[in-house]
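Worksheet: the structure to be examined is printed underneath.
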Amino acid sequence: MWTRLAGPRPTGDRTPAPVRTTPIALLGRRNLALWTALAADDGATPSARADQVREFIATHGASFFEEIVDGTGLLRTQVEESLGELTALGTVNCDSFGGLRALLVPTDRRRALGTHKRRRRTALFGIEDAGRWALVRRRPGTAVSPEVVEHVARTLLKRYGVVFWRLIAREADWLPPWRELLRTYRRLEARGEIRGGRFVAGVSGEQYALPEAVGSLREVRRAERTGELVSLSGADPLNLVGLLTPGGRLPALTGNRVLYRDGVPIALLAGGEVRFLEPLAPEAEWNARNALLRRQVPAMLQFLG
């Protein structure tokens, strides 16, 4: 399922709405109670229309968009705006990703409401095709138990392979603090489930790793350099610029990008501007810029360049 775990902080009269920077989490439904135990309610309240939509779903259960429109008597655009607000608050979600995509894509770039005609250069989905909308089940006031902390600790290990205090800085601020995770990692190491040691150079403090990650690190260290270029979004978990390398951090935004060469960052795209982290020859810089921006350059241009 997808949902927003931690709701936005109150912003006065401003109505929350999903935007590209809204933190949406993907998680198994069976683990929802574990994650919602960590996400505190920031006290934001929905508008009157959004609350009317929420009340209809609470009364009638999971409902399609058309049912919500008919049941509330609101305009289609008002229901869409209300669902966007409730999504931003972490109150509702949808059966599919189509609902989230429809809320994120501007109206002029997707199919108009109430029509099934395809338009050129528009998305092929609309909010009426998204499936059922339902309330996200939460357990308010649930204590953060050792089970919850261990689940987060194992999830971080699966994400990174190796964990240490500096990595936690790029994660959500509502996760358990490092001191609590550290106690869990020490317990897992004592049981022989994970490894403790020094796996990443230049990082102080305790480090813990999955056994299979240790073998992968050794293989990478012995591998020959090929000059392979990999361009990643700034929102990717592998955006470790400023955490494992010198210099400032690259904000974890979808519009930002980082270019790795043999696993080392060499160029960044931030705020629409490209910045190189090391000097390159003109031809190498041209290739790196195209790789960073993921431009498809014709073979003839590549030869002439």
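Residue numbering restarts at 1 for every chain of the structure tokens, chains are lettered A, B, ... in their displayed order, and ligands are numbered from 1 as they appear.
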
Filtered DSSP result for range 27-264 of chain A, state helix (DSSP H, G or I), as a PyMOL selection string: chain A and resi 29-36+48-60+65-72+76-88+98-104+107-109+127-129+146-160+167-170+178-190+211-222

Keeping only C-alpha atoms, write the selected residues to a file as a CSV table (one decimal), in the first residue's frame.
```csv
chain,number,residue,atom,x,y,z
A,29,ARG,CA,-0.3,-3.7,4.9
A,30,ARG,CA,0.7,-6.2,7.5
A,31,ASN,CA,3.4,-3.8,8.8
A,32,LEU,CA,1.1,-0.7,8.8
A,33,ALA,CA,0.6,-0.7,12.6
A,34,LEU,CA,4.4,-0.8,13.2
A,35,TRP,CA,5.1,2.2,11.0
A,36,THR,CA,2.1,4.3,12.2
A,48,ALA,CA,-15.0,21.3,5.8
A,49,ARG,CA,-15.3,19.7,2.3
A,50,ALA,CA,-12.4,17.3,3.0
A,51,ASP,CA,-14.0,16.3,6.3
A,52,GLN,CA,-17.3,15.7,4.5
A,53,VAL,CA,-15.5,13.3,2.1
A,54,ARG,CA,-13.7,11.6,5.0
A,55,GLU,CA,-17.0,11.2,6.9
A,56,PHE,CA,-18.7,9.6,3.8
A,57,ILE,CA,-15.8,7.1,3.4
A,58,ALA,CA,-15.9,6.4,7.2
A,59,THR,CA,-19.6,5.6,7.0
A,60,HIS,CA,-19.8,3.7,3.7
A,65,PHE,CA,-14.8,8.3,-7.0
A,66,GLU,CA,-18.2,8.3,-8.6
A,67,GLU,CA,-19.8,7.0,-5.4
A,68,ILE,CA,-18.2,9.8,-3.3
A,69,VAL,CA,-19.4,12.4,-5.8
A,70,ASP,CA,-22.9,11.1,-5.7
A,71,GLY,CA,-23.0,10.6,-1.9
A,72,THR,CA,-21.6,13.9,-0.9
A,76,ARG,CA,-16.2,16.5,-9.0
A,77,THR,CA,-13.4,19.0,-8.8
A,78,GLN,CA,-14.3,19.6,-5.1
A,79,VAL,CA,-14.1,15.9,-4.4
A,80,GLU,CA,-10.8,15.6,-6.2
A,81,GLU,CA,-9.3,18.5,-4.2
A,82,SER,CA,-10.6,17.0,-1.0
A,83,LEU,CA,-9.0,13.6,-1.8
A,84,GLY,CA,-5.8,15.5,-2.5
A,85,GLU,CA,-6.0,17.2,0.9
A,86,LEU,CA,-6.8,14.0,2.7
A,87,THR,CA,-3.9,12.2,1.0
A,88,ALA,CA,-1.5,15.0,2.1
A,98,GLY,CA,-3.5,5.6,-10.4
A,99,GLY,CA,-5.1,7.8,-7.7
A,100,LEU,CA,-1.8,9.2,-6.5
A,101,ARG,CA,-0.6,9.8,-10.0
A,102,ALA,CA,-3.8,11.6,-10.9
A,103,LEU,CA,-3.5,13.9,-7.9
A,104,LEU,CA,0.2,14.7,-8.7
A,107,THR,CA,-5.1,18.8,-14.7
A,108,ASP,CA,-4.1,20.1,-18.1
A,109,ARG,CA,-1.7,17.1,-18.6
A,127,ILE,CA,-8.9,9.9,-10.9
A,128,GLU,CA,-12.2,8.2,-11.8
A,129,ASP,CA,-10.2,5.2,-12.9
A,146,PRO,CA,11.1,-3.0,20.9
A,147,GLU,CA,9.4,-4.9,18.1
A,148,VAL,CA,8.8,-1.6,16.2
A,149,VAL,CA,12.4,-0.5,16.7
A,150,GLU,CA,13.7,-3.9,15.6
A,151,HIS,CA,11.5,-3.7,12.5
A,152,VAL,CA,13.0,-0.3,11.6
A,153,ALA,CA,16.5,-1.5,12.3
A,154,ARG,CA,16.1,-4.5,9.9
A,155,THR,CA,14.5,-2.3,7.2
A,156,LEU,CA,17.5,0.0,7.3
A,157,LEU,CA,19.8,-2.9,7.0
A,158,LYS,CA,17.9,-4.2,4.0
A,159,ARG,CA,18.0,-0.7,2.4
A,160,TYR,CA,21.7,0.0,2.8
A,167,LEU,CA,23.2,7.3,7.3
A,168,ILE,CA,20.3,7.9,9.7
A,169,ALA,CA,20.6,11.7,9.0
A,170,ARG,CA,19.0,11.3,5.6
A,178,TRP,CA,20.3,6.1,16.7
A,179,ARG,CA,20.8,5.2,20.4
A,180,GLU,CA,17.7,3.0,20.3
A,181,LEU,CA,18.7,1.4,17.0
A,182,LEU,CA,22.2,0.9,18.3
A,183,ARG,CA,20.9,-1.3,21.2
A,184,THR,CA,18.9,-3.3,18.7
A,185,TYR,CA,21.9,-3.8,16.4
A,186,ARG,CA,24.1,-4.9,19.4
A,187,ARG,CA,21.5,-7.5,20.3
A,188,LEU,CA,21.2,-8.8,16.7
A,189,GLU,CA,25.0,-9.1,16.5
A,190,ALA,CA,25.1,-11.0,19.8
A,211,PRO,CA,26.5,-11.0,6.2
A,212,GLU,CA,25.8,-10.9,2.5
A,213,ALA,CA,26.6,-7.2,2.3
A,214,VAL,CA,30.1,-7.8,3.6
A,215,GLY,CA,30.8,-10.2,0.8
A,216,SER,CA,29.5,-7.8,-1.8
A,217,LEU,CA,31.7,-5.0,-0.4
A,218,ARG,CA,34.8,-7.2,-0.8
A,219,GLU,CA,33.9,-8.1,-4.4
A,220,VAL,CA,33.4,-4.4,-5.2
A,221,ARG,CA,36.8,-3.5,-3.7
A,222,ARG,CA,38.6,-6.2,-5.8
```

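Pairwise distance (CA of Ala270 in chain A, CA of Val203 in chain A) equals 25.7 Å.
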
Polymer residues at most 12 Å from Glu273 in chain A, only C-alpha atoms, same-chain spacing of 2 or more positions, as a PyMOL selection string: chain A and resi 255-258+267-271+275-276+289+292-293

d(CA of Ser231 in chain A, CA of Trp165 in chain A) in Å: 25.7 Å

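You will find CA of Arg261 in chain A at 16.3 Å from CA of Asp236 in chain A.
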
Residues flagged strand (DSSP E or B) by DSSP in range 59-247 of chain A, as a list in words: Ser63, Phe64, Val92, Asn93, Cys94, Arg110, Ala123, Arg132, Trp133, Ala134, Leu135, Val162, Val163, Arg195, Gly196, Gly197, Gln207, Tyr208, Ala209, Leu229, Val230, Ser231, Leu232 and Ser233 of chain A

Save the residues we just selected, N, CA and C atoms, as a short mmCIF file (atom, residue, chain, number, x, y, z; two decimals), in the first residue's frame?
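Written file, part13.cif:
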```cif
data_model
loop_
_atom_site.label_atom_id
_atom_site.label_comp_id
_atom_site.auth_asym_id
_atom_site.auth_seq_id
_atom_site.Cartn_x
_atom_site.Cartn_y
_atom_site.Cartn_z
N SER A 63 -14.76 3.41 -1.21
CA SER A 63 -15.71 3.87 -2.22
C SER A 63 -14.99 4.35 -3.47
N PHE A 64 -15.65 4.17 -4.61
CA PHE A 64 -15.13 4.69 -5.86
C PHE A 64 -15.38 6.20 -5.94
N VAL A 92 -6.28 9.19 3.81
CA VAL A 92 -6.84 8.23 2.86
C VAL A 92 -5.75 7.75 1.91
N ASN A 93 -6.05 6.63 1.28
CA ASN A 93 -5.24 6.15 0.16
C ASN A 93 -6.16 5.41 -0.80
N CYS A 94 -5.56 4.84 -1.83
CA CYS A 94 -6.34 4.26 -2.91
C CYS A 94 -5.86 2.84 -3.20
N ARG A 110 -3.60 15.65 -18.04
CA ARG A 110 -4.27 14.37 -17.98
C ARG A 110 -5.67 14.49 -18.52
N ALA A 123 -1.75 12.35 -19.87
CA ALA A 123 -1.72 11.05 -19.21
C ALA A 123 -2.99 10.28 -19.55
N ARG A 132 -10.90 2.21 -5.56
CA ARG A 132 -11.60 2.65 -4.35
C ARG A 132 -10.69 3.46 -3.44
N TRP A 133 -11.27 4.44 -2.79
CA TRP A 133 -10.58 5.25 -1.79
C TRP A 133 -11.04 4.80 -0.41
N ALA A 134 -10.08 4.67 0.50
CA ALA A 134 -10.40 4.17 1.84
C ALA A 134 -9.60 4.94 2.88
N LEU A 135 -10.07 4.91 4.11
CA LEU A 135 -9.34 5.53 5.21
C LEU A 135 -8.16 4.65 5.61
N VAL A 162 24.82 -1.86 4.98
CA VAL A 162 25.65 -1.43 6.10
C VAL A 162 25.01 -0.17 6.69
N VAL A 163 24.91 -0.09 8.00
CA VAL A 163 24.31 1.08 8.63
C VAL A 163 25.25 1.64 9.69
N ARG A 195 26.55 -8.61 11.35
CA ARG A 195 27.98 -8.45 11.64
C ARG A 195 28.25 -7.04 12.13
N GLY A 196 29.15 -6.91 13.07
CA GLY A 196 29.61 -5.61 13.53
C GLY A 196 31.08 -5.45 13.21
N GLY A 197 31.52 -4.22 12.93
CA GLY A 197 32.93 -4.00 12.60
C GLY A 197 33.13 -2.68 11.90
N GLN A 207 29.52 0.30 13.29
CA GLN A 207 28.91 -0.04 12.01
C GLN A 207 28.40 -1.48 12.08
N TYR A 208 27.28 -1.72 11.42
CA TYR A 208 26.69 -3.06 11.40
C TYR A 208 26.26 -3.36 9.97
N ALA A 209 26.36 -4.65 9.61
CA ALA A 209 26.11 -5.03 8.23
C ALA A 209 25.45 -6.40 8.17
N LEU A 229 29.13 4.90 -15.88
CA LEU A 229 28.42 6.07 -15.37
C LEU A 229 26.99 5.68 -15.00
N VAL A 230 26.56 6.06 -13.81
CA VAL A 230 25.21 5.77 -13.34
C VAL A 230 24.61 7.06 -12.83
N SER A 231 23.46 7.45 -13.40
CA SER A 231 22.76 8.67 -12.98
C SER A 231 21.55 8.29 -12.15
N LEU A 232 21.44 8.91 -10.97
CA LEU A 232 20.35 8.60 -10.05
C LEU A 232 19.62 9.87 -9.62
N SER A 233 18.36 9.69 -9.27
CA SER A 233 17.59 10.80 -8.72
C SER A 233 18.11 11.17 -7.34
#
```

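Between Val264 in chain A and the residues A:Leu74, A:Leu277, A:Val136, A:Ala39, the shortest atom-to-atom distance, using only C-alpha atoms, involves A:Leu277.
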
Write out as a compact mmCIF listing (two decimals) with C-alpha atoms, in the first residue's frame the residues lying within 10 Å of Leu280 in chain A, counting only C-alpha atoms and excluding same-chain residues fewer than 6 positions away.
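Full text of out_39.txt as output:
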```txt
# COMPACT_ATOMS: atom_id res chain seq x y z
CA ILE A 266 31.54 13.19 -10.10
CA TRP A 286 30.29 16.33 -22.36
CA ALA A 288 29.17 13.00 -18.19
```
